[in-house]
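Source file: input-v7.txt (compact mmCIF, C-alpha atoms and all ligand atoms)
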```
# COMPACT_ATOMS: atom_id res chain seq x y z
CA MET A 200 117.28 166.54 110.80
CA LEU A 201 115.57 165.70 114.08
CA SER A 202 115.95 168.02 117.05
CA ASP A 203 117.72 166.85 120.22
CA LYS A 204 114.31 166.58 121.87
CA GLU A 205 113.05 164.34 119.07
CA ILE A 206 116.18 162.17 119.31
CA CYS A 207 115.53 161.74 123.06
CA TYR A 208 111.95 160.79 122.26
CA CYS A 209 113.11 158.15 119.76
CA ILE A 210 115.45 156.61 122.34
CA GLU A 211 112.59 156.60 124.85
CA VAL A 212 110.29 154.78 122.39
CA MET A 213 113.04 152.25 121.64
CA GLY A 214 113.27 151.70 125.42
CA GLU A 215 109.56 150.90 125.51
CA MET A 216 110.00 148.46 122.64
CA TYR A 217 113.11 146.84 124.11
CA PRO A 218 113.08 147.31 127.89
CA ASP A 219 115.66 144.54 128.31
CA ALA A 220 118.14 145.83 125.72
CA LYS A 221 121.64 144.90 126.82
CA CYS A 222 124.96 143.57 125.57
CA GLU A 223 124.31 140.13 124.04
CA LEU A 224 127.92 139.00 124.06
CA GLU A 225 128.71 136.33 126.66
CA TYR A 226 131.76 136.78 128.89
CA ALA A 227 132.91 136.26 132.46
CA SER A 228 135.45 139.06 132.87
CA THR A 229 136.39 142.40 131.35
CA PHE A 230 139.22 140.67 129.49
CA GLN A 231 136.77 138.20 127.96
CA LEU A 232 134.41 141.06 127.08
CA LEU A 233 137.27 142.84 125.32
CA CYS A 234 138.09 139.67 123.35
CA ALA A 235 134.43 139.12 122.45
CA VAL A 236 134.08 142.70 121.17
CA ILE A 237 137.26 142.35 119.10
CA LEU A 238 135.84 139.12 117.67
CA SER A 239 132.48 140.73 116.88
CA ALA A 240 133.88 142.96 114.11
CA GLN A 241 131.92 142.25 110.93
CA THR A 242 130.08 139.31 112.41
CA THR A 243 127.14 138.75 114.73
CA ASP A 244 127.16 138.46 118.53
CA LYS A 245 125.47 135.07 118.10
CA ALA A 246 128.36 133.80 115.98
CA VAL A 247 130.85 135.11 118.54
CA ASN A 248 128.96 133.45 121.42
CA LYS A 249 129.26 130.11 119.64
CA VAL A 250 133.06 130.18 119.56
CA THR A 251 133.97 131.94 122.80
CA PRO A 252 133.06 129.21 125.36
CA ALA A 253 135.80 126.90 124.05
CA LEU A 254 138.21 129.80 123.44
CA PHE A 255 137.76 131.15 126.97
CA LYS A 256 138.05 127.67 128.47
CA ALA A 257 141.46 127.31 126.87
CA TYR A 258 142.50 130.95 127.40
CA PRO A 259 140.46 132.44 130.26
CA ASN A 260 142.69 135.45 130.90
CA ALA A 261 145.32 137.69 129.34
CA GLN A 262 148.21 135.65 130.76
CA SER A 263 147.06 132.40 129.14
CA MET A 264 146.03 134.08 125.85
CA ALA A 265 149.44 135.79 125.66
CA GLU A 266 151.11 132.40 125.83
CA GLY A 267 148.81 130.71 123.30
CA SER A 268 149.93 130.23 119.71
CA ILE A 269 148.19 132.22 116.99
CA ALA A 270 147.40 128.95 115.17
CA SER A 271 145.68 127.55 118.24
CA ILE A 272 143.68 130.75 118.90
CA GLU A 273 142.73 130.84 115.23
CA ASN A 274 141.53 127.27 115.41
CA PHE A 275 139.02 128.17 118.14
CA ILE A 276 137.60 131.06 116.12
CA LYS A 277 137.76 129.61 112.64
CA LYS A 278 133.97 129.72 112.22
CA ILE A 279 133.87 133.52 112.30
CA GLY A 280 135.13 135.95 109.69
CA LEU A 281 138.59 137.51 109.62
CA ASN A 282 139.76 134.80 112.01
CA ARG A 283 143.44 135.03 111.11
CA ASN A 284 143.66 138.76 111.85
CA LYS A 285 141.46 138.46 114.90
CA ALA A 286 143.67 135.67 116.34
CA LYS A 287 146.72 137.91 115.88
CA PHE A 288 144.95 140.83 117.56
CA LEU A 289 143.84 138.70 120.52
CA LYS A 290 147.34 137.44 121.17
CA LYS A 291 149.00 140.85 120.70
CA CYS A 292 146.38 142.50 122.84
CA ALA A 293 146.87 139.93 125.62
CA ILE A 294 150.66 140.39 125.49
CA HIS A 295 150.20 144.17 125.70
CA LEU A 296 147.88 143.80 128.72
CA VAL A 297 150.31 141.49 130.51
CA GLU A 298 153.35 143.65 129.80
CA LEU A 299 151.77 146.98 130.70
CA TYR A 300 148.84 146.36 133.03
CA GLN A 301 149.51 143.05 134.85
CA GLY A 302 146.92 141.41 132.61
CA GLU A 303 144.13 143.80 133.60
CA VAL A 304 142.06 145.79 131.08
CA PRO A 305 142.51 149.57 131.59
CA SER A 306 139.35 151.63 132.14
CA ASN A 307 140.64 154.56 130.12
CA GLU A 308 139.63 155.35 126.54
CA LYS A 309 143.09 156.47 125.39
CA LEU A 310 144.82 153.44 126.88
CA LEU A 311 142.19 151.08 125.48
CA LYS A 312 142.62 152.52 121.99
CA LYS A 313 146.35 151.79 122.14
CA LEU A 314 145.65 148.06 122.44
CA PRO A 315 146.06 146.04 119.23
CA GLY A 316 142.69 145.47 117.54
CA VAL A 317 140.91 148.09 119.63
CA GLY A 318 139.31 151.09 117.93
CA GLN A 319 136.82 153.68 119.09
CA LYS A 320 133.82 151.34 118.97
CA THR A 321 135.49 148.54 120.93
CA ALA A 322 136.85 150.98 123.50
CA ASN A 323 133.39 152.47 124.01
CA VAL A 324 131.74 149.06 124.48
CA VAL A 325 134.36 148.02 127.04
CA LEU A 326 134.07 151.33 128.92
CA SER A 327 130.30 151.21 128.98
CA VAL A 328 129.56 147.50 129.44
CA GLY A 329 132.71 146.48 131.29
CA PHE A 330 133.22 149.48 133.55
CA GLY A 331 129.84 151.24 133.64
CA ILE A 332 131.38 154.44 132.25
CA PRO A 333 128.93 156.35 130.01
CA ALA A 334 129.87 155.88 126.35
CA ILE A 335 128.12 155.40 123.01
CA ALA A 336 129.61 152.82 120.69
CA VAL A 337 128.55 153.32 117.09
CA ASP A 338 128.28 150.01 115.30
CA THR A 339 126.52 149.26 112.02
CA HIS A 340 123.04 149.24 113.65
CA VAL A 341 123.53 152.50 115.53
CA GLU A 342 124.85 154.18 112.40
CA ARG A 343 122.06 152.91 110.13
CA VAL A 344 119.24 153.77 112.53
CA SER A 345 120.69 157.22 113.29
CA LYS A 346 120.86 158.01 109.58
CA ARG A 347 117.46 156.60 108.65
CA LEU A 348 115.66 158.42 111.41
CA GLY A 349 117.51 161.62 110.62
CA PHE A 350 119.58 162.12 113.75
CA VAL A 351 122.45 162.92 111.39
CA PRO A 352 122.83 163.43 107.62
CA LYS A 353 123.24 160.34 105.44
CA ASP A 354 126.90 161.10 104.82
CA ALA A 355 127.82 161.59 108.49
CA THR A 356 130.93 159.79 109.71
CA VAL A 357 130.85 157.34 112.59
CA SER A 358 132.39 159.91 114.90
CA GLN A 359 129.81 162.51 113.84
CA VAL A 360 127.07 160.00 114.75
CA GLU A 361 128.69 159.43 118.15
CA ASN A 362 129.07 163.16 118.79
CA LYS A 363 125.48 163.91 117.78
CA LEU A 364 124.10 161.24 120.10
CA LYS A 365 126.28 162.46 122.96
CA GLU A 366 125.17 166.03 122.34
CA ALA A 367 121.47 165.18 122.16
CA LEU A 368 121.23 162.74 125.06
CA PRO A 369 121.90 163.23 128.75
CA ARG A 370 125.11 161.45 129.80
CA SER A 371 123.10 159.14 132.04
CA LEU A 372 121.38 157.74 128.92
CA TRP A 373 124.44 157.20 126.72
CA SER A 374 125.08 153.54 127.54
CA ILE A 375 121.47 152.40 127.53
CA ALA A 376 120.80 154.39 124.33
CA HIS A 377 123.57 152.39 122.66
CA HIS A 378 121.86 149.10 123.58
CA ARG A 379 118.41 150.34 122.59
CA LEU A 380 119.66 151.54 119.20
CA ILE A 381 121.33 148.18 118.61
CA PHE A 382 118.20 146.20 119.51
CA PHE A 383 116.03 148.51 117.42
CA GLY A 384 118.38 148.09 114.45
CA ARG A 385 118.89 144.37 114.95
CA TYR A 386 115.26 143.38 115.42
CA HIS A 387 113.09 146.13 113.93
CA CYS A 388 114.82 148.65 111.65
CA THR A 389 116.80 145.88 110.00
CA ALA A 390 119.24 146.55 107.17
CA ARG A 391 117.28 144.82 104.41
CA SER A 392 113.64 144.78 105.49
CA PRO A 393 112.81 147.36 108.15
CA TYR A 394 109.36 147.01 109.70
CA CYS A 395 108.26 150.48 108.64
CA GLY A 396 104.58 149.51 108.47
CA SER A 397 104.42 148.87 112.21
CA CYS A 398 107.02 151.39 113.30
CA PRO A 399 106.04 153.76 116.13
CA LEU A 400 108.72 156.18 114.91
CA LYS A 401 107.43 156.38 111.34
CA PRO A 402 105.92 159.88 111.76
CA LEU A 403 109.41 161.23 112.55
CA CYS A 404 111.49 158.99 110.32
CA GLN A 405 113.30 160.50 107.36
CA TYR A 406 114.11 157.22 105.64
CA ASP A 407 113.32 157.31 101.96
CA ARG A 408 113.54 153.72 100.77
CA LYS A 409 113.64 154.58 97.07
CA ASN A 410 116.58 156.93 97.45
CA SER A 411 118.57 155.00 100.03
S1 LIG B 501 110.02 153.89 109.81
FE1 LIG B 501 111.24 152.22 108.95
S2 LIG B 501 113.24 153.10 108.50
FE2 LIG B 501 112.18 154.50 109.88
S3 LIG B 501 112.87 153.90 111.91
FE3 LIG B 501 110.96 152.83 111.54
S4 LIG B 501 111.59 150.85 110.70
FE4 LIG B 501 113.36 152.22 110.54
```

Would you mind giving the structure from this file in structure tokens?
Amino acid sequence: MLSDKEICYCIEVMGEMYPDAKCELEYASTFQLLCAVILSAQTTDKAVNKVTPALFKAYPNAQSMAEGSIASIENFIKKIGLNRNKAKFLKKCAIHLVELYQGEVPSNEKLLKKLPGVGQKTANVVLSVGFGIPAIAVDTHVERVSKRLGFVPKDATVSQVENKLKEALPRSLWSIAHHRLIFFGRYHCTARSPYCGSCPLKPLCQYDRKNS
């Protein structure tokens, strides 16, 4: 496994490769960010960005989304996966926000995780991107890259990946590290064909293609 110092180095190199790494979801408010992150489960940010302009035009805030029918919400998001469940989550989540928080999104991890459709990853993205609170959301890219490079063992759970990154990196780097890891995983260390031949992290990487 890599040392904490080596993990910091990897994140630094990823920063040089992707100096503009940031959240690629499009939104105009924390509520819309929350919806976009819920919608991004098991699909790409690009796919989400294609459906959200019309969805957010019809339902720009929690109050309007809470009053929308599930069928109508589903219709706006039908081009992305799991649309039926996601439509239910969006409506329930909006109702919850209206009933408990006057339609505002809470900036607290525990309260966020009580919202329908919101797990650890979604809560972390909202905290970090929406409120500027240091957090590391572990999505498929962060998990894959962390395991290939050897930040954590191959059988580590998502929360072990999150804890390792938090332990190795200074708090001030948590949020940007999340974006760098995502960009690195999305555009370089891709799931099917990682660019190992041109990878600046190859000397440290513990990825064994034949046994992975
Ligand atoms: S060497 Fe290959 S597997 Fe390792 S980090 Fe680079 S691209 Fe990913």

Which of these residues is nearest to ligand LIG 501 (chain B), using only C-alpha atoms and all ligand atoms: A:Asn307, A:Ser345, A:Ser358, A:Ser202?
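The closest residue to ligand LIG 501 (chain B) is A:Ser345.
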
Can you work out which one of A:Phe350, A:Phe288, A:Phe383, A:Phe330 has the shortest atom-to-atom distance to Asp219 of chain A, counting all atoms listed in the file?
A:Phe383

Contacts with ligand LIG 501 (chain B) at most 12 Å, all atoms listed in the file counted, listed as a CSV table (one decimal) with C-alpha atoms, in the frame of the given file:
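Result went into pocket.csv, see below:
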```csv
chain,number,residue,atom,x,y,z
A,206,ILE,CA,116.2,162.2,119.3
A,209,CYS,CA,113.1,158.2,119.8
A,210,ILE,CA,115.4,156.6,122.3
A,212,VAL,CA,110.3,154.8,122.4
A,213,MET,CA,113.0,152.2,121.6
A,216,MET,CA,110.0,148.5,122.6
A,340,HIS,CA,123.0,149.2,113.6
A,341,VAL,CA,123.5,152.5,115.5
A,342,GLU,CA,124.8,154.2,112.4
A,343,ARG,CA,122.1,152.9,110.1
A,344,VAL,CA,119.2,153.8,112.5
A,345,SER,CA,120.7,157.2,113.3
A,346,LYS,CA,120.9,158.0,109.6
A,347,ARG,CA,117.5,156.6,108.6
A,348,LEU,CA,115.7,158.4,111.4
A,349,GLY,CA,117.5,161.6,110.6
A,350,PHE,CA,119.6,162.1,113.8
A,380,LEU,CA,119.7,151.5,119.2
A,382,PHE,CA,118.2,146.2,119.5
A,383,PHE,CA,116.0,148.5,117.4
A,384,GLY,CA,118.4,148.1,114.4
A,385,ARG,CA,118.9,144.4,115.0
A,386,TYR,CA,115.3,143.4,115.4
A,387,HIS,CA,113.1,146.1,113.9
A,388,CYS,CA,114.8,148.6,111.6
A,389,THR,CA,116.8,145.9,110.0
A,390,ALA,CA,119.2,146.6,107.2
A,391,ARG,CA,117.3,144.8,104.4
A,392,SER,CA,113.6,144.8,105.5
A,393,PRO,CA,112.8,147.4,108.2
A,394,TYR,CA,109.4,147.0,109.7
A,395,CYS,CA,108.3,150.5,108.6
A,396,GLY,CA,104.6,149.5,108.5
A,397,SER,CA,104.4,148.9,112.2
A,398,CYS,CA,107.0,151.4,113.3
A,399,PRO,CA,106.0,153.8,116.1
A,400,LEU,CA,108.7,156.2,114.9
A,401,LYS,CA,107.4,156.4,111.3
A,402,PRO,CA,105.9,159.9,111.8
A,403,LEU,CA,109.4,161.2,112.6
A,404,CYS,CA,111.5,159.0,110.3
A,405,GLN,CA,113.3,160.5,107.4
A,406,TYR,CA,114.1,157.2,105.6
A,407,ASP,CA,113.3,157.3,102.0
A,408,ARG,CA,113.5,153.7,100.8
A,409,LYS,CA,113.6,154.6,97.1
A,411,SER,CA,118.6,155.0,100.0
```

All file atoms of segment 324-340 of chain A boxed axis-aligned, 3 Å per side, centre plus edges, as AutoDock Vina command-line options:
```
--center_x 128.7 --center_y 151.4 --center_z 122.8 --size_x 17.3 --size_y 15.9 --size_z 27.6
```

Record the distance separating atom CA of Leu326 of chain A and atom CA of Leu311 of chain A, expressed in Å with one decimal.
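Taking atom CA of Leu326 of chain A and atom CA of Leu311 of chain A, their separation equals 8.8 Å.
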
At a cut-off of 12 Å, using all atoms listed in the file, what residues contact Glu266 of chain A? Leave out same-chain residues fewer than 2 positions from it and give the result as a list in words.
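With the cut-off at 12 Å, the set is Ala257, Tyr258, Pro259, Asn260, Ala261, Gln262, Ser263, Met264, Ser268, Ile269, Ala270, Ser271, Ile272, Leu289, Lys290, Lys291, Cys292, Ala293, Ile294, His295 and Val297 of chain A.
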
Writer output for current selection, C-alpha atoms, as a PDB file, in the frame of the given file:
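Result written to out11.pdb:
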```
ATOM      1  CA  ALA A 257     141.460 127.310 126.870  1.00  0.00           C
ATOM      2  CA  TYR A 258     142.500 130.950 127.400  1.00  0.00           C
ATOM      3  CA  PRO A 259     140.460 132.440 130.260  1.00  0.00           C
ATOM      4  CA  ASN A 260     142.690 135.450 130.900  1.00  0.00           C
ATOM      5  CA  ALA A 261     145.320 137.690 129.340  1.00  0.00           C
ATOM      6  CA  GLN A 262     148.210 135.650 130.760  1.00  0.00           C
ATOM      7  CA  SER A 263     147.060 132.400 129.140  1.00  0.00           C
ATOM      8  CA  MET A 264     146.030 134.080 125.850  1.00  0.00           C
ATOM      9  CA  SER A 268     149.930 130.230 119.710  1.00  0.00           C
ATOM     10  CA  ILE A 269     148.190 132.220 116.990  1.00  0.00           C
ATOM     11  CA  ALA A 270     147.400 128.950 115.170  1.00  0.00           C
ATOM     12  CA  SER A 271     145.680 127.550 118.240  1.00  0.00           C
ATOM     13  CA  ILE A 272     143.680 130.750 118.900  1.00  0.00           C
ATOM     14  CA  LEU A 289     143.840 138.700 120.520  1.00  0.00           C
ATOM     15  CA  LYS A 290     147.340 137.440 121.170  1.00  0.00           C
ATOM     16  CA  LYS A 291     149.000 140.850 120.700  1.00  0.00           C
ATOM     17  CA  CYS A 292     146.380 142.500 122.840  1.00  0.00           C
ATOM     18  CA  ALA A 293     146.870 139.930 125.620  1.00  0.00           C
ATOM     19  CA  ILE A 294     150.660 140.390 125.490  1.00  0.00           C
ATOM     20  CA  HIS A 295     150.200 144.170 125.700  1.00  0.00           C
ATOM     21  CA  VAL A 297     150.310 141.490 130.510  1.00  0.00           C
TER      22      VAL A 297
END
```

Restricting the calculation to all atoms listed in the file, which member of A:Thr339, A:Asn274, A:Gln241, A:Asn362 is positioned closest to Leu254 of chain A?
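That would be A:Asn274, the residue with the smallest distance to Leu254 of chain A.
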
Rounded to one decimal in Å, what is the spacing between atom CA of Ala367 of chain A and atom CA of Tyr208 of chain A?
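We find that atom CA of Ala367 of chain A and atom CA of Tyr208 of chain A lie 10.5 Å from each other.
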
Skip Asn323 of chain A itself and residues of its chain fewer than 4 positions away, then list as number ranges by chain all residues within 9 Å of it, counting all atoms listed in the file.
A: 308, 318-319, 327-328, 332-337

If you count all atoms listed in the file, which residues fall within 8 Å of Ala235 of chain A, apart from same-chain ones fewer than 2 positions away, as a PyMOL selection string?
chain A and resi 224-226+231-233+237-239+247-248+251

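Minimum distance to Val325 of chain A across A:Leu310, A:Ile381, A:Leu368, A:Val236 (counting all atoms listed in the file) occurs at A:Val236.
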
Show me the residues around (140.4, 139.4, 116.4) - criterion: an atom at most 8 Å away, only C-alpha atoms counted - as a ChimeraX atom specification.
/A:234,237-238,240,281-289,316

Distance atom CA of Leu299 of chain A-atom CA of Val324 of chain A, one decimal place?
21.1 Å
